[in-house]
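Source file: coords.cif (mmCIF, C-alpha atoms)
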data_work
#
loop_
_atom_site.label_atom_id
_atom_site.label_comp_id
_atom_site.auth_asym_id
_atom_site.auth_seq_id
_atom_site.Cartn_x
_atom_site.Cartn_y
_atom_site.Cartn_z
CA MET D 344 89.16 99.87 91.86
CA ARG D 345 92.21 101.25 90.12
CA THR D 346 95.54 99.48 90.14
CA PHE D 347 98.86 100.96 89.23
CA ASP D 348 102.02 99.13 88.28
CA LEU D 349 104.89 100.79 90.12
CA ALA D 350 107.56 98.51 88.63
CA PRO D 351 108.90 101.25 86.30
CA LEU D 352 109.36 103.49 89.34
CA TYR D 353 111.42 100.83 91.10
CA ARG D 354 113.51 100.17 87.96
CA ALA D 355 114.40 103.80 87.29
CA THR D 356 114.96 105.21 90.77
CA VAL D 357 117.11 104.59 93.79
CA GLY D 358 116.11 105.67 97.28
CA PHE D 359 112.49 106.53 96.52
CA ASP D 360 111.05 103.45 98.24
CA GLN D 361 109.24 105.63 100.80
CA VAL D 362 107.40 107.50 98.03
CA ALA D 363 106.29 104.24 96.43
CA ASP D 364 105.21 102.85 99.81
CA LEU D 365 103.23 106.03 100.51
CA MET D 366 101.50 105.75 97.14
CA ASP D 367 100.65 102.12 97.89
CA ARG D 368 99.17 103.08 101.28
CA VAL D 369 97.13 105.93 99.83
CA LEU D 370 95.81 103.86 96.93
CA ALA D 371 94.99 100.92 99.19
CA GLY D 372 93.26 103.23 101.67
CA GLU D 373 90.88 104.69 99.05
CA THR D 374 88.52 101.74 99.35
CA ALA D 375 88.55 101.43 103.14
CA THR D 376 88.47 105.07 104.20
CA ASN D 377 87.37 105.59 107.79
CA ASN D 378 85.96 109.06 108.37
CA TYR D 379 85.68 108.86 112.15
CA PRO D 380 86.58 111.10 113.83
CA PRO D 381 86.50 114.11 111.51
CA TYR D 382 89.67 116.20 111.35
CA ASN D 383 91.25 119.22 109.69
CA ILE D 384 94.85 119.78 108.63
CA GLU D 385 95.79 123.44 108.33
CA LYS D 386 99.05 125.08 107.34
CA THR D 387 99.91 127.67 109.98
CA ASP D 388 103.30 128.75 108.62
CA GLU D 389 105.73 127.88 105.83
CA SER D 390 107.00 124.89 107.82
CA ALA D 391 104.24 124.42 110.41
CA TRP D 392 100.87 122.65 110.51
CA ARG D 393 98.03 122.01 112.93
CA ILE D 394 95.87 118.90 112.96
CA SER D 395 92.51 119.46 114.66
CA ILE D 396 90.43 116.39 115.52
CA ALA D 397 86.83 116.51 116.75
CA VAL D 398 86.81 114.46 119.95
CA ALA D 399 83.49 115.42 121.56
CA GLY D 400 82.73 113.24 124.56
CA PHE D 401 86.37 112.36 125.24
CA GLY D 402 88.38 113.84 128.07
CA ALA D 403 92.12 114.49 127.98
CA ASP D 404 92.69 111.27 129.96
CA ASP D 405 90.86 109.24 127.29
CA LEU D 406 93.19 110.46 124.50
CA ALA D 407 96.74 109.45 123.60
CA VAL D 408 99.07 111.05 121.06
CA GLU D 409 102.20 109.15 120.07
CA VAL D 410 104.90 109.47 117.40
CA ARG D 411 106.37 106.20 116.20
CA GLU D 412 108.48 105.53 113.07
CA ASN D 413 107.49 108.71 111.18
CA ALA D 414 103.83 108.20 112.05
CA LEU D 415 101.63 110.28 114.34
CA ILE D 416 99.13 107.98 116.06
CA VAL D 417 96.12 109.40 117.89
CA THR D 418 94.03 106.95 119.91
CA ALA D 419 90.97 107.36 122.12
CA ARG D 420 89.26 104.93 124.41
CA LYS D 421 86.39 105.86 126.70
CA SER D 422 86.60 104.17 130.07
CA GLU D 423 83.73 101.86 130.92
CA ASP D 424 83.43 103.39 134.40
CA ASP D 425 81.87 106.53 132.90
CA GLN D 426 78.97 104.54 131.42
CA GLU D 427 77.98 102.51 134.48
CA GLY D 428 74.60 103.38 135.98
CA ARG D 429 73.57 105.63 133.08
CA THR D 430 70.56 105.07 130.87
CA PHE D 431 70.48 106.91 127.55
CA LEU D 432 67.15 107.67 125.86
CA HIS D 433 69.06 108.88 122.78
CA ARG D 434 72.77 108.55 122.18
CA GLY D 435 73.99 110.81 119.38
CA ILE D 436 77.50 111.59 120.57
CA ALA D 437 79.80 108.87 119.34
CA THR D 438 82.36 107.88 121.92
CA ARG D 439 83.58 104.73 120.25
CA ALA D 440 87.26 103.96 120.41
CA PHE D 441 89.39 105.01 117.46
CA GLU D 442 92.91 105.10 116.13
CA ARG D 443 93.88 107.70 113.53
CA ARG D 444 97.30 107.60 111.81
CA PHE D 445 99.08 110.40 110.01
CA HIS D 446 102.30 109.64 108.15
CA LEU D 447 104.87 112.35 108.77
CA ALA D 448 107.52 113.52 106.32
CA ASP D 449 111.17 113.49 107.30
CA HIS D 450 112.13 116.08 109.95
CA VAL D 451 108.50 116.85 110.90
CA LYS D 452 108.21 117.00 114.69
CA VAL D 453 105.22 117.31 117.02
CA THR D 454 105.66 120.45 119.10
CA GLY D 455 102.57 120.16 121.28
CA ALA D 456 98.98 119.03 121.74
CA SER D 457 96.02 120.66 123.45
CA HIS D 458 92.44 119.59 124.21
CA LEU D 459 89.93 122.43 124.25
CA ASP D 460 86.16 122.61 123.63
CA GLY D 461 85.88 119.07 122.26
CA MET D 462 88.79 119.54 119.85
CA LEU D 463 92.24 117.98 120.00
CA HIS D 464 94.83 120.26 118.40
CA ILE D 465 98.26 118.87 117.47
CA ASP D 466 100.94 121.28 116.31
CA LEU D 467 103.72 120.14 113.98
CA VAL D 468 106.80 121.83 112.56
CA ARG D 469 109.47 120.84 110.06
CA GLU D 470 112.91 121.21 111.64
CA VAL D 471 115.58 120.62 109.04
CA PRO D 472 118.97 119.89 110.67
CA GLU D 473 121.71 122.44 110.06
CA ALA D 474 123.78 119.85 108.19
CA LEU D 475 120.99 119.45 105.60
CA LYS D 476 120.22 123.13 105.12
CA PRO D 477 121.69 124.74 102.02
CA ARG D 478 124.68 126.96 102.67
CA ARG D 479 126.53 129.39 100.48
CA ILE D 480 130.26 128.86 99.97
CA GLU D 481 132.35 131.98 99.49
CA ILE D 482 134.54 131.91 96.41
CA SER D 483 137.97 133.41 96.94
CA SER D 484 140.12 134.97 94.24
CA GLN D 485 143.35 134.09 96.06
CA LYS D 486 145.50 131.00 95.81
CA PRO D 487 144.35 128.30 98.25
CA GLN D 488 146.46 128.42 101.38
CA ASN D 489 145.65 124.99 102.78
CA ALA D 490 146.28 123.03 99.61
CA ASN D 491 148.36 119.92 99.99
CA LEU D 492 150.42 119.82 96.84
CA ILE D 493 152.43 116.77 95.96
CA GLU D 494 155.57 117.63 94.05
CA GLU D 495 156.86 115.16 91.52
CA LYS D 496 160.41 114.09 92.08
CA SER D 497 162.46 113.69 88.96
CA VAL D 498 164.35 110.45 88.59
CA ASN D 499 168.04 110.99 87.61
#
Would you mind writing the file's structure down as structure tokens?
Amino acid sequence: MRTFDLAPLYRATVGFDQVADLMDRVLAGETATNNYPPYNIEKTDESAWRISIAVAGFGADDLAVEVRENALIVTARKSEDDQEGRTFLHRGIATRAFERRFHLADHVKVTGASHLDGMLHIDLVREVPEALKPRRIEISSQKPQNANLIEEKSVN
């Protein structure tokens, strides 16, 4: 197992705590990676993504998609009522409960989710607020008209 000392990062930066926390989560998760259920993350546009999760055996009522504190949480739990009175000779379709978390960057929003052919598709888009978007300021060659000038009074 690799360990990294992030102390120099904390000493030399201000406001990058989220980056350091993300690195800690990723590095800690390397040893305990859970691969169930399998999923894909695809970029569908410059600021849009789709997460596709294989959820064979689960119905739409068995699935839940929630956004909480910049995290997308997908959970599935098969109801016990579906299994009563059934005898399986071979059970190859895993329908065990799961929780899958995806950490979202700032301003990434979930725009929708759909369940089709055993796949759960979750669409995401980055919506940067107008106040944070770059804007061009026109430079005028005239004297400012709204300038509040303070004139010095001479003392006699």
Give as a PyMOL selection string the residues that the PyMOL selection byres ((chain D and resi 398) around 12) matches when applied to the coordinates above. chain D and resi 379-382+395-397+399-403+405-407+417-421+436-443+457-464
Separation of CA of Leu467 in chain D from CA of Lys452 in chain D, in Å and rounded to one decimal: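 The value is 5.5 Å.
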When the PyMOL selection byres ((chain D and resi 415) around 6) is applied to the file above, which residues end up in the set, as a VMD selection string? chain D and resid 409 to 410 414 416 444 to 445
Residue selection dump (C-alpha atoms) as a PDB file, keeping the file's coordinate frame:
ATOM      1  CA  GLU D 409     102.200 109.150 120.070  1.00  0.00           C
ATOM      2  CA  VAL D 410     104.900 109.470 117.400  1.00  0.00           C
ATOM      3  CA  ALA D 414     103.830 108.200 112.050  1.00  0.00           C
ATOM      4  CA  ILE D 416      99.130 107.980 116.060  1.00  0.00           C
ATOM      5  CA  ARG D 444      97.300 107.600 111.810  1.00  0.00           C
ATOM      6  CA  PHE D 445      99.080 110.400 110.010  1.00  0.00           C
TER       7      PHE D 445
END
Atomic distance CA of Val453 in chain D - CA of Ile394 in chain D, expressed in Å with one decimal: 10.3 Å
Mind giving me the straight-line distance from CA of Pro487 in chain D to CA of Pro472 in chain D in Å, one decimal? 29.5 Å
Any idea what's packed within 9 Å of Asn413 in chain D, counting all atoms listed in the file, ignoring anything in its chain fewer than 2 positions away? Could you give it as a PyMOL selection string? chain D and resi 410-411+415+445-451
Determine the axis-aligned bounding box of all atoms of range 437-454 of chain D present in the file, pad each side by 3 Å, and express its centre and edge lengths in Å to one decimal place as lines of an AutoDock Vina configuration file.
center_x = 96.0
center_y = 112.2
center_z = 114.1
size_x = 38.3
size_y = 22.5
size_z = 21.6
For Asp388 in chain D, which of D:Glu481, D:Asp466, D:Glu473, D:Glu423 is the closest residue, counting only C-alpha atoms? D:Asp466
